[in-house]
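Here's the structure we're looking at; comments come further down.
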Amino acid sequence: NYLRLRAAIHIHTTYSTGDESLRDIAEQARERGIDVLVVTDDDLLRVSFGLPPWRRLLRMSESHRSLLADDTLEAYLDEVRRVDASFEDLIILDGVESAPYYTWDVDWAARRWTVRGWNKHLLAIGLDDAAAYRALPILGGEGIWLQQDGQSILRMLWPVLGLFYAVWLGRLLHGTLVRLLIGAACLLFLVDGALSDFRTPRFDPYVDAGMRPYQAWIDAVAAAGGLAFWAHPEGAST
């Protein structure tokens, strides 16, 4: 005994790449006899490239309107709940579209930087919780980081020791220029590490991690009680 409902899935509003508000879309859905509306605005539309060895300090980013880039996730979920409550004959479910992972294909000689895998998008539906959406492991999001451990302390400690060496111990072995270079390099590593709170990412865009990032994302959605789908599996991978 199933109840068949007409659904419109993978809808974007003005919170990301859409041109119309959720309320306007809901009005149109009701006029067309739609029973369920699944809204999946983009959680984060941002790509970044950092120059080694200080990839966070020397980083360039390009972003577009999206829930995490504009810090509108909570407002978006509130809007979904508010509009859903105002339409008795229409069910509106929250969701997001994610691009969990991409890699950089860099040809330094040709001065060409190519993003690979950017169009591998997934949909997370029904988490109904801002913290759960923020915790999804996507590049540029909070869910990408592993918990701090002993390695985090080591990443913070060795630049500090290097600075101590340049300022104090190095006076017995090196001249001023060498000490300045050592101190400057250690300071840059310290600042670069501080930008990530000395945490380790699950994966990064500079080493191809294969399908692991996508499986990690799917597992996180399932653990949060949501549903995960590929957004457009028929699309060619670039």
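Within each chain, counting starts at residue 1; across the structure tokens, chains are named A, B, ... in the order shown, with ligands numbered 1 upward in that order.
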Write out as CSV a residue-level contact list of region 50-114 of chain A versus region 178-193 of chain A with cut-off 9 Å: for each qualifying residue the closest pair of atoms and the distance in Å to one decimal, counting only C-alpha atoms, rows sorted by chain and residue number upward.
residue,atom,partner,partner_atom,distance
A:Pro53,CA,A:Phe189,CA,8.2
A:Trp54,CA,A:Asp192,CA,5.9
A:Arg55,CA,A:Asp192,CA,7.4
A:Arg56,CA,A:Asp192,CA,5.6
A:Leu57,CA,A:Asp192,CA,5.1
A:Leu58,CA,A:Asp192,CA,8.5
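Considering only C-alpha atoms, the residue among A:Asp24, A:Asp35, A:Asp208, A:Asp41 positioned nearest to Leu73 (chain A) is A:Asp41.
One distance worth recording is that between CA of Val38 (chain A) and CA of Leu68 (chain A), which is 19.0 Å.
Near region 74-86 of chain A, within 9 Å and counting only C-alpha atoms, sit Tyr15, Leu22, Arg23, Ala26, Val39, Asp41, Leu67, Ile92, Leu93, Asp94, Gly95, Asp128, Asp129 and Ala130 of chain A, not including residues fewer than 6 positions from it in the same chain.
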Written file, previous selection with C-alpha atoms, as a short mmCIF file (atom, residue, chain, number, x, y, z; two decimals), in the first residue's frame:
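Produced file again-v6.cif, reproduced below:
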data_model
loop_
_atom_site.label_atom_id
_atom_site.label_comp_id
_atom_site.auth_asym_id
_atom_site.auth_seq_id
_atom_site.Cartn_x
_atom_site.Cartn_y
_atom_site.Cartn_z
CA TYR A 15 20.12 31.19 -1.73
CA LEU A 22 11.48 29.45 -2.37
CA ARG A 23 7.98 30.85 -1.86
CA ALA A 26 6.40 26.65 -4.02
CA VAL A 39 15.10 22.01 -2.25
CA ASP A 41 20.69 24.72 -2.81
CA LEU A 67 24.99 28.61 1.73
CA ILE A 92 8.88 20.84 1.27
CA LEU A 93 12.04 18.98 2.25
CA ASP A 94 15.43 20.53 2.93
CA GLY A 95 18.62 19.42 1.22
CA ASP A 128 17.15 19.22 8.84
CA ASP A 129 20.06 20.42 10.96
CA ALA A 130 22.62 23.12 10.21
#
* Polymer residues at most 12 Å from Glu234 (chain A), only C-alpha atoms, same-chain spacing of 6 or more positions, as a PyMOL selection string -> chain A and resi 119-121
Please produce a file of the residues just selected, as a compact mmCIF listing (two decimals), in the first residue's frame, where the atoms kept are C-alpha atoms.
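out.txt was written with the following content:
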# COMPACT_ATOMS: atom_id res chain seq x y z
CA ASN A 119 31.07 18.48 -11.68
CA LYS A 120 30.77 15.34 -9.53
CA HIS A 121 27.90 16.60 -7.39
